[in-house]
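K.L.:
Got a structure for you, questions after.
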Number of protein chains: 2
Amino acid sequence: MARTSAGTAVVAQSGGPTPVINASLLGVIEEASNHSQISALYGARFGINGIIQEDFIDLFAQSRQTLEALKYTPSSALGTSRHEVQRTDLQRVLDVFRAHDVRHFFYNGGNGSMGTADEIARMARDCSYELNVIGIPKTIDNDLMLTDHTPGYPSTAHFFACAVRDIGSDNLALPGQVEIVEVLGRNAGWIVGATALARENENDAPHLIYFPEQPLSLDRFYRDVDRVFRKLNRCVVAICEGQLDENGEPYGADVRRGSRGSLAMNLGHRLAMLVSENLKIRARSEKPGLLGRSSAAFILENDWQEAGVCGRAAVRAAVEGNGGNMVSLVRDSTTEYRVATGLVPLREVALLEKVVPPSLRSDHDVTPAFLAYVSPLIGAVRHYPQFTSAAVPKRISSVMESSQ
Amino acid sequence: MARTSAGTAVVAQSGGPTPVINASLLGVIEEASNHSQISALYGARFGINGIIQEDFIDLFAQSRQTLEALKYTPSSALGTSRHEVQRTDLQRVLDVFRAHDVRHFFYNGGNGSMGTADEIARMARDCSYELNVIGIPKTIDNDLMLTDHTPGYPSTAHFFACAVRDIGSDNLALPGQVEIVEVLGRNAGWIVGATALARENENDAPHLIYFPEQPLSLDRFYRDVDRVFRKLNRCVVAICEGQLDENGEPYGADVRRGSRGSLAMNLGHRLAMLVSENLKIRARSEKPGLLGRSSAAFILENDWQEAGVCGRAAVRAAVEGNGGNMVSLVRDSTTEYRVATGLVPLREVALLEKVVPPSLRSDHDVTPAFLAYVSPLIGAVRHYPQFTSAAVPKRISSVMESSQ
């Protein structure tokens, strides 16, 4: 297998932070120190901006104590960026790489970042500059192609499954209202689907799960909520921030327009208001929002480990001269849950989005196939006990019950 | 000391659930089984409604397994209620108590519930019915008089301190925006003040903490946010759902009107919109909402233990004939943190609200006295590491920096 010549390596974190992105960074640092082909390892501050501005820190110079403390630390320790990369930026990246003799570049991000990584790899090849670009998958949204799942998704899905369980428990104790839980996710419903793991019994929350892959009319939404509420005197709805109606509109919610398209900022609240006004049922909404991707308390050990494995695999791929690829996670479906890493061409994942296919979802719920996919990633969510029925016989007439 | 004659005991949970209210219930169950004066222990389903409707379960009939499983289970396992108690309800309560020979009543709630407990105690005394009514303090809001703090407050404050730390870490990694974190709390700022524990260094989140005890004008808010953002290129604001401006209005937020007054439903979002529009700074809001009182992951061992101690103390007070009191927590201020329980007359806590006094708060922050009060209740919040500075020297001119 081709071995590369020695040079500097650069690692950068890109896009929204995740609970485990720092595990991939630690994996890169640990593995890089094992390879003589990597003479120095620099971390770019704030994503691609750090490269453009030559804002690097020496990761081999960090103390063991600092690296140890990063364990189970969410967010992006190097800083990250949503800077939209221009052609002139890419030329500058190559200039900076040349100036620092950078021969290995690890870019930890989602599908947009894989597109950027692919462009950098191609520009380097076009000008015969030896550079191994390796993508490390990262996104809470789980929307990257050609990988079983993405590091960061399991922990975020775990957060929202527990959130729906806890809010469902509150709603059970203090019924008579509808709870709308707004879940992270713009176009792909991987996270919202995972809230099904909050259930132990038939009537447990979430009672309705909507997938952004399927437009939801207000009429349909009202009918669903009304049906559940009439049956249970409570209702917990799990819905994505990116859910749209049959006209592609977010029910009149306030919208922020950005380069990735528009996104509603208060969709859950808007729907709660509509339920109150139109169904005359008390309704409220919760929006844990960014807490779902930043909460240390819900980091899953398995997710943390897999993110680290991806970082280490990226370094090995680079020193073996396998640039132009992204590390993927491959599930061994013949055994109990176990994953290995693979390599997939950057261009085959770049800018593509993996949404939840129809076989994994129904109109307002997941299918068993979704649960079979997601359960091994998250494991069992603790369920709360109910008192066993030990009703005390009534001793007086119940004349007043009708007034309650 | 007066010993009471044997009879049935009833326990009910009232008002909003908390992370540790079930610890008080377990304390009552455990202690009650030690006293021959308590021949049976009934749990009322859904608060006072369970008494009115004779909807009781036999708590001595519950399996050890069920009780064990309740450990660290948030929400109200018996169910709770916000039913506004009427005079006819109280008469019915006494009728039901008589029918079941109830001689001990444990009411676990906040200041409104202590008012109801006091009325029930007085009505029983007026008709010479022997009944020991004991209040068990409970409220995440920490707004009960004559107790150092209330069970449930520390765990909820812990949730929001960690939430602000995590969102602050996200905001540090991906700067250039303002984050408004909406915190539970209508009139009292005990929870929002505790978010100060998220800080380790001077520039850590939260950068602004507002107390609902102090009206906040929009002008002042804009000036504060602008000052922080210009200095740090980021800003995390911790603000209560009940914050009002100098005219007593919630900045144009949507409001729900209820018997306890009106409450804004989307205050954080409304302020984020105003920042975007008026300061032209990207802003968003997070509303963990009820998750702050229902999340099992942030239950503090100390809070859980103290809630249990309050339940046990209530049973002892009842069998010793000390009806008409609420259990209080008394801090021993001469040593490191340690609390004992006391008893305070129900009528002295009923319907009163303990807000944060001026000595504990400034215009947009806590004072050292607040930290001295709250720190022992919550303990140390884990802080996240930063990379030590090990900047790599630049090798090429920085002509492009100005365009970034």
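In the structure tokens, chains take the letters A, B, ... in the order shown, each chain's residues start at 1, and ligands count up from 1 in the order shown.
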Among segment 136-271 of chain A, which residues carry a DSSP assignment of strand (DSSP E), reported as a ChimeraX atom specification?

P.N.:
/A:136-137,178-183,208-209,235-240,255-258,261-264

K.L.:
Could you take the residues named above and write them with N, CA, C and O atoms, as a short mmCIF file (atom, residue, chain, number, x, y, z; two decimals), in the first residue's frame?

P.N.:
```
data_model
loop_
_atom_site.label_atom_id
_atom_site.label_comp_id
_atom_site.auth_asym_id
_atom_site.auth_seq_id
_atom_site.Cartn_x
_atom_site.Cartn_y
_atom_site.Cartn_z
N ILE A 136 -14.21 13.33 7.85
CA ILE A 136 -14.66 12.60 9.04
C ILE A 136 -16.13 12.97 9.23
O ILE A 136 -16.46 14.15 9.36
N PRO A 137 -17.03 11.98 9.22
CA PRO A 137 -18.46 12.31 9.24
C PRO A 137 -18.88 12.90 10.58
O PRO A 137 -18.44 12.45 11.64
N VAL A 178 -52.13 19.86 25.81
CA VAL A 178 -51.33 19.34 24.70
C VAL A 178 -49.92 19.93 24.80
O VAL A 178 -49.77 21.12 25.08
N GLU A 179 -48.93 19.08 24.62
CA GLU A 179 -47.53 19.52 24.66
C GLU A 179 -46.91 19.33 23.28
O GLU A 179 -46.89 18.21 22.76
N ILE A 180 -46.42 20.41 22.71
CA ILE A 180 -45.71 20.32 21.44
C ILE A 180 -44.21 20.39 21.74
O ILE A 180 -43.74 21.38 22.31
N VAL A 181 -43.48 19.35 21.41
CA VAL A 181 -42.03 19.36 21.61
C VAL A 181 -41.36 19.59 20.25
O VAL A 181 -41.48 18.75 19.36
N GLU A 182 -40.71 20.73 20.13
CA GLU A 182 -40.03 21.06 18.88
C GLU A 182 -38.65 20.41 18.88
O GLU A 182 -37.86 20.60 19.79
N VAL A 183 -38.39 19.64 17.83
CA VAL A 183 -37.19 18.82 17.75
C VAL A 183 -36.27 19.35 16.66
O VAL A 183 -36.74 19.83 15.62
N LEU A 208 -47.84 11.50 18.87
CA LEU A 208 -47.78 11.81 17.44
C LEU A 208 -46.35 12.19 17.08
O LEU A 208 -45.73 13.02 17.77
N ILE A 209 -45.83 11.57 16.05
CA ILE A 209 -44.49 11.89 15.53
C ILE A 209 -44.64 12.26 14.06
O ILE A 209 -45.15 11.46 13.27
N CYS A 235 -51.73 14.88 25.41
CA CYS A 235 -51.17 14.60 24.09
C CYS A 235 -49.79 15.24 23.99
O CYS A 235 -49.64 16.42 24.28
N VAL A 236 -48.81 14.44 23.62
CA VAL A 236 -47.47 14.96 23.37
C VAL A 236 -47.13 14.76 21.90
O VAL A 236 -47.18 13.64 21.39
N VAL A 237 -46.82 15.86 21.23
CA VAL A 237 -46.49 15.85 19.81
C VAL A 237 -44.99 16.10 19.65
O VAL A 237 -44.45 17.04 20.23
N ALA A 238 -44.32 15.24 18.88
CA ALA A 238 -42.91 15.49 18.53
C ALA A 238 -42.87 15.92 17.07
O ALA A 238 -43.32 15.19 16.18
N ILE A 239 -42.35 17.12 16.85
CA ILE A 239 -42.38 17.68 15.49
C ILE A 239 -41.09 18.44 15.22
O ILE A 239 -40.52 19.06 16.13
N CYS A 240 -40.62 18.40 13.99
CA CYS A 240 -39.35 19.04 13.64
C CYS A 240 -39.51 20.54 13.43
O CYS A 240 -40.54 21.00 12.94
N VAL A 255 -39.87 33.23 10.46
CA VAL A 255 -38.88 32.52 9.67
C VAL A 255 -37.58 33.31 9.57
O VAL A 255 -37.61 34.54 9.46
N ARG A 256 -36.45 32.61 9.68
CA ARG A 256 -35.16 33.24 9.38
C ARG A 256 -34.70 32.75 8.02
O ARG A 256 -34.67 31.55 7.76
N ARG A 257 -34.37 33.70 7.14
CA ARG A 257 -33.89 33.31 5.82
C ARG A 257 -32.37 33.33 5.81
O ARG A 257 -31.75 34.29 6.22
N GLY A 258 -31.77 32.24 5.37
CA GLY A 258 -30.31 32.15 5.30
C GLY A 258 -29.90 31.49 4.01
O GLY A 258 -30.73 31.18 3.17
N GLY A 261 -31.49 28.29 2.97
CA GLY A 261 -32.95 28.31 2.88
C GLY A 261 -33.53 28.87 4.16
O GLY A 261 -32.79 29.22 5.08
N SER A 262 -34.85 28.94 4.23
CA SER A 262 -35.47 29.54 5.41
C SER A 262 -35.79 28.48 6.44
O SER A 262 -35.97 27.31 6.12
N LEU A 263 -35.84 28.88 7.69
CA LEU A 263 -36.16 27.96 8.78
C LEU A 263 -37.03 28.68 9.80
O LEU A 263 -36.72 29.81 10.20
N ALA A 264 -38.11 28.01 10.21
CA ALA A 264 -38.98 28.60 11.22
C ALA A 264 -38.25 28.66 12.55
O ALA A 264 -37.48 27.78 12.89
#
```

K.L.:
Within 6 Å of chain B, which residues of chain A show up when using only C-alpha atoms, listed as a ChimeraX atom specification?

P.N.:
/A:53-54,56-58,75-76,79-81,166,170,173-174,286-289,294-295,390-392,394,401

K.L.:
Applying 9 Å and only C-alpha atoms, which residues near Ile29 of chain A remain after dropping the ones on its own chain fewer than 5 positions away? List them as a list in words.

P.N.:
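Here the qualifying residues turn out to be Ser24, Leu41, Leu59, Phe60, Gly311, Arg312 and Val315 of chain A.
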
K.L.:
Might you pull out every residue within 6 Å of Pro151 of chain A, with only C-alpha atoms counted and same-chain residues fewer than 2 positions away left off, and present them as a PyMOL selection string?

P.N.:
chain A and resi 138+153+303+307

K.L.:
For N, CA and C atoms, I'd like the residues from the last selection saved as a PDB file, in the first residue's frame.

P.N.:
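Just written: again_39.pdb:
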```pdb
ATOM      1  N   LYS A 138     -19.724  13.879  10.526  1.00  0.00           N
ATOM      2  CA  LYS A 138     -20.265  14.534  11.703  1.00  0.00           C
ATOM      3  C   LYS A 138     -21.554  15.203  11.368  1.00  0.00           C
ATOM      4  N   TYR A 153     -25.308  11.844  15.931  1.00  0.00           N
ATOM      5  CA  TYR A 153     -26.747  11.555  15.847  1.00  0.00           C
ATOM      6  C   TYR A 153     -27.242  10.754  17.061  1.00  0.00           C
ATOM      7  N   ASP A 303     -21.545   6.317  21.095  1.00  0.00           N
ATOM      8  CA  ASP A 303     -21.416   7.399  20.119  1.00  0.00           C
ATOM      9  C   ASP A 303     -20.041   8.049  20.252  1.00  0.00           C
ATOM     10  N   ALA A 307     -17.168   7.999  17.322  1.00  0.00           N
ATOM     11  CA  ALA A 307     -16.612   9.253  16.796  1.00  0.00           C
ATOM     12  C   ALA A 307     -15.093   9.223  16.870  1.00  0.00           C
TER      13      ALA A 307
END
```

K.L.:
What are the closest atom pairs, with distances in Å to one decimal, for each residue of segment 156-268 of chain A lying within 10 Å of segment 358-372 of chain A, using only C-alpha atoms, rows by chain and rising residue number, as a tab-separated table?

P.N.:
```
residue	atom	partner	partner_atom	distance
A:Gly189	CA	A:Arg361	CA	9.2
A:Trp190	CA	A:Phe370	CA	9.0
A:Val192	CA	A:Val366	CA	9.4
A:Gly193	CA	A:Val366	CA	6.0
A:Ala194	CA	A:Leu371	CA	7.7
A:Thr195	CA	A:Val366	CA	9.4
A:Ala196	CA	A:Val366	CA	7.2
A:Leu197	CA	A:Leu371	CA	7.7
A:Pro206	CA	A:Asp365	CA	9.0
A:His207	CA	A:Asp365	CA	8.3
A:Leu208	CA	A:His364	CA	5.4
A:Ile209	CA	A:Asp365	CA	4.8
A:Tyr210	CA	A:His364	CA	5.1
A:Phe211	CA	A:His364	CA	7.5
A:Glu213	CA	A:Pro358	CA	8.6
A:Gln214	CA	A:Asp363	CA	7.6
A:Pro215	CA	A:Asp363	CA	9.6
A:Leu216	CA	A:Asp363	CA	8.7
A:Arg220	CA	A:Asp363	CA	9.7
A:Phe221	CA	A:His364	CA	9.2
A:Asp224	CA	A:His364	CA	8.3
A:Val237	CA	A:His364	CA	9.5
A:Ala238	CA	A:His364	CA	9.5
A:Ile239	CA	A:His364	CA	9.8
```

K.L.:
Given the choices B:Asp226, B:Asp219, B:Asp148, B:Glu320, which gets closest to Gln177 of chain B if the distance is worked out from only C-alpha atoms?

P.N.:
B:Asp226
